[in-house]
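Student: First, the structure itself, so that you have it in front of you.
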Amino acid sequence: MNDGALREPTFLVLTALAAQPQHGYGVLRDVETISGGQVTLRAGTLYAALDRLSAEGWVEVDREEVVDSRLRRYYRLTEPGATRLAAEVQRRQRHTTAAEQRLQLRSAEGLA
Amino acid sequence: MNDLERGYRRLLALYPRAHRTVHGEEMLGVLLDGAGNRSRPGKAETLDLLRGAVQVHWRHALSGNGRRDALAMVSLFAPLLLLTGAASTVREIRSVSRMDGWPLRMWLSALADVPVWTLWLAAAVVGVCGLRRASVALAWLATAGLLAVAVLDPARHWAVDVTAGWVLLSVFAAIAMTVSPGPRHGLALLGRWRLAVLVSTVAVLLALTTTARGMHLPLAELVQLAVLVVGVFAACRVSTRSGRRAALLLLVPLIAVPVVARVLGRLDAYTVLPVVIYAVPIVVTLGFAVLLHRFDRPPHTNRN
């Protein structure tokens, strides 16, 4: 398992799938919502990420539907995927906490 | 089918066959869902799909035990096979030692590529010992050394029809060392008996190359080629897909280069020789790689 920092698109795709299974287009829209409109994933990036995440065993197919004669495949986060996302959240929280503390110190010392 | 869908289908055709089989229609659905009022794929979308296709091709090319195993076999055998190139050094040393007066410049030229073969031998040994990073560093150093010698000593080494095969095999070996699990994994797959077969093949080739002379040269070249092919096929596990791939990667540069040189020589096309002699083996190897890649089965997916 890769223990390094997750890249932003990977982190956002895993986050989008954390609460419930979603189909590809749903993930694209959800990533935009999660990032407050700052990140817009496109299909090429999404499916390259899903291809990699499936190979890692972090994401798997949940079910398939045909809507308006188009195939929709739903993906879900696996347990190893959830564990990896949780580890990434903790790593980011540690860094964020450290950054907040340094900024508070800076304010306290009147450097601002 | 409208222009938009046709455009998307053209772009999706650039993805690996295995990926298209599983995700092609699904990706098309996502693209059409997000297309809005567009009548053709946008520039940013096109670039994104092209980048995605390259990423998926790259990942698929390096994933799968078959490909990793093939490259691990190449990382074990290619450095040893490269030692056959030392035959020219042996011949050169022999001829310089017969000269009167020990000309220093001639000796320097004769011995210039000794570090290259030494580095390749060291890369193989270190790799088999499991020191992968060191073996990768030595492999690229040896490749750089071979290129430097070829460029800096044109009198002896810039005979492109001689050097090109070794340079290409050297690059293939260094890439295999870098992207595969390494020679130790190759040895675990092939076993010591097959390693002994390849070492014997190299020894026979060295003996044949250093003793061939005069009128018998074309016949000697044919014999060397036969020994090379038989030896590599016997050493690689050609009953398996990874073994066949490894044999192909090992043989293409060493067979294609002399064949191309002969053909261009007959056509009196020496001006294009340097370009063609490097291009043909690369195109042949990539062609085989693409064919093998296209006919791979799609990966297994979980479906509930």
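Identifiers for the structure tokens are assigned positionally: chains receive A, B, ... in sequence, residues are indexed from 1 per chain, and ligands are indexed from 1 in the order shown.
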Quick one: residues within 8 Å of Tyr25 in chain A, only C-alpha atoms counted, chain neighbours fewer than 6 positions away excluded, as a list in words?
Tutor: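 In the requested form, the answer reads Val30, Asp33 and Gly34 of chain B.
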Student: Kindly save the residues from that selection, with N, CA and C atoms included, as a short mmCIF file (atom, residue, chain, number, x, y, z; two decimals), in the first residue's frame.
Tutor:
```
data_model
loop_
_atom_site.label_atom_id
_atom_site.label_comp_id
_atom_site.auth_asym_id
_atom_site.auth_seq_id
_atom_site.Cartn_x
_atom_site.Cartn_y
_atom_site.Cartn_z
N VAL B 30 -20.66 9.42 -19.29
CA VAL B 30 -20.25 10.54 -18.42
C VAL B 30 -19.92 11.77 -19.25
N ASP B 33 -23.09 13.22 -20.61
CA ASP B 33 -23.85 13.86 -19.52
C ASP B 33 -23.30 15.25 -19.22
N GLY B 34 -21.98 15.39 -19.31
CA GLY B 34 -21.36 16.67 -18.95
C GLY B 34 -21.14 17.59 -20.13
#
```
Student: Quick one: DSSP alpha helix (DSSP H) residues in chain A, as a PyMOL selection string?
Tutor: chain A and resi 8-18+24-34+43-56+79-108
Student: Could you list, as a list of chain:residue names, every residue of chain B that has an atom within 8 Å of an atom of chain A, counting only C-alpha atoms?
Tutor: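 Result: B:Glu25, B:Glu26, B:Met27, B:Gly29, B:Val30, B:Leu31, B:Asp33, B:Gly34, B:Glu45, B:Asp48, B:Leu49, B:Leu50, B:Arg51, B:Gly52, B:Ala53, B:Gln55, B:Val56, B:Arg59, B:Thr301, B:Asn302, B:Arg303, B:Asn304.
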Student: Could you please determine the separation between CA of Ala279 in chain B and CA of His19 in chain B in Å, to one decimal place?
Tutor: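 It comes out at 29.0 Å.
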Student: Pull the strand (DSSP E) assignments for chain A out of DSSP run on the backbone, and list those residues as a ChimeraX atom specification.
Tutor: /A:22-23,59-67,70-77
Student: Deliver the residues from the most recent selection as a file, using C-alpha atoms, as a CSV table (one decimal), in the first residue's frame.
Tutor:
```csv
chain,number,residue,atom,x,y,z
A,22,GLN,CA,-21.7,7.0,-6.7
A,23,HIS,CA,-21.5,6.8,-10.5
A,59,VAL,CA,-12.4,1.3,-4.8
A,60,GLU,CA,-14.6,-1.3,-6.4
A,61,VAL,CA,-17.7,-1.6,-8.5
A,62,ASP,CA,-20.9,-1.5,-6.5
A,63,ARG,CA,-23.6,-2.0,-9.2
A,64,GLU,CA,-24.5,-1.1,-12.7
A,65,GLU,CA,-27.6,0.6,-14.2
A,66,VAL,CA,-28.8,1.6,-17.6
A,67,VAL,CA,-30.3,5.1,-17.6
A,70,ARG,CA,-26.5,4.8,-21.1
A,71,LEU,CA,-24.5,2.5,-18.8
A,72,ARG,CA,-24.0,3.9,-15.3
A,73,ARG,CA,-21.5,2.1,-13.0
A,74,TYR,CA,-21.6,2.9,-9.4
A,75,TYR,CA,-18.3,2.7,-7.4
A,76,ARG,CA,-17.9,2.3,-3.6
A,77,LEU,CA,-15.0,2.8,-1.2
```
Student: With only C-alpha atoms as the counted atoms, please give the residues lying no more than 7 Å from range 3-16 of chain A, apart from itself and same-chain residues fewer than 3 positions off, as a PyMOL selection string.
Tutor: chain A and resi 27+30-31+49+77+85+88
Student: Write out, as a PDB file, in the first residue's frame, the residues just selected, with C-alpha atoms.
Tutor:
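See out-v4.pdb below for the written result:
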```pdb
ATOM      1  CA  VAL A  27     -18.353  11.784  -8.529  1.00  0.00           C
ATOM      2  CA  ASP A  30     -19.569  15.874  -5.940  1.00  0.00           C
ATOM      3  CA  VAL A  31     -15.874  16.719  -6.214  1.00  0.00           C
ATOM      4  CA  ALA A  49      -7.769   7.694 -11.034  1.00  0.00           C
ATOM      5  CA  LEU A  77     -15.008   2.752  -1.203  1.00  0.00           C
ATOM      6  CA  LEU A  85      -8.522   7.911   3.383  1.00  0.00           C
ATOM      7  CA  GLU A  88      -4.698  10.838   4.827  1.00  0.00           C
TER       8      GLU A  88
END
```
Student: Give me the residues near Gly130 in chain B as a list of chain:residue names, where near means some atom within 8 Å (using only C-alpha atoms) and where sequence neighbours in that chain fewer than 4 positions away do not count.
Tutor: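 Within the cut-off, the hits are B:Val126, B:Gly182, B:Pro183, B:Arg184.
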Student: Those same residues, written as a tab-separated table (two decimals), in the first residue's frame with N, CA and C atoms?
Tutor:
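Writing done, so here's part.tsv:
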```
chain	number	residue	atom	x	y	z
B	126	VAL	N	25.29	-6.87	-8.50
B	126	VAL	CA	24.67	-6.10	-7.41
B	126	VAL	C	23.15	-6.31	-7.42
B	182	GLY	N	13.63	-6.11	-10.72
B	182	GLY	CA	15.08	-6.24	-10.76
B	182	GLY	C	15.60	-7.64	-11.01
B	183	PRO	N	16.94	-7.76	-11.18
B	183	PRO	CA	17.56	-9.05	-11.54
B	183	PRO	C	17.32	-10.16	-10.51
B	184	ARG	N	17.22	-9.80	-9.24
B	184	ARG	CA	17.01	-10.84	-8.22
B	184	ARG	C	15.67	-11.55	-8.48
```
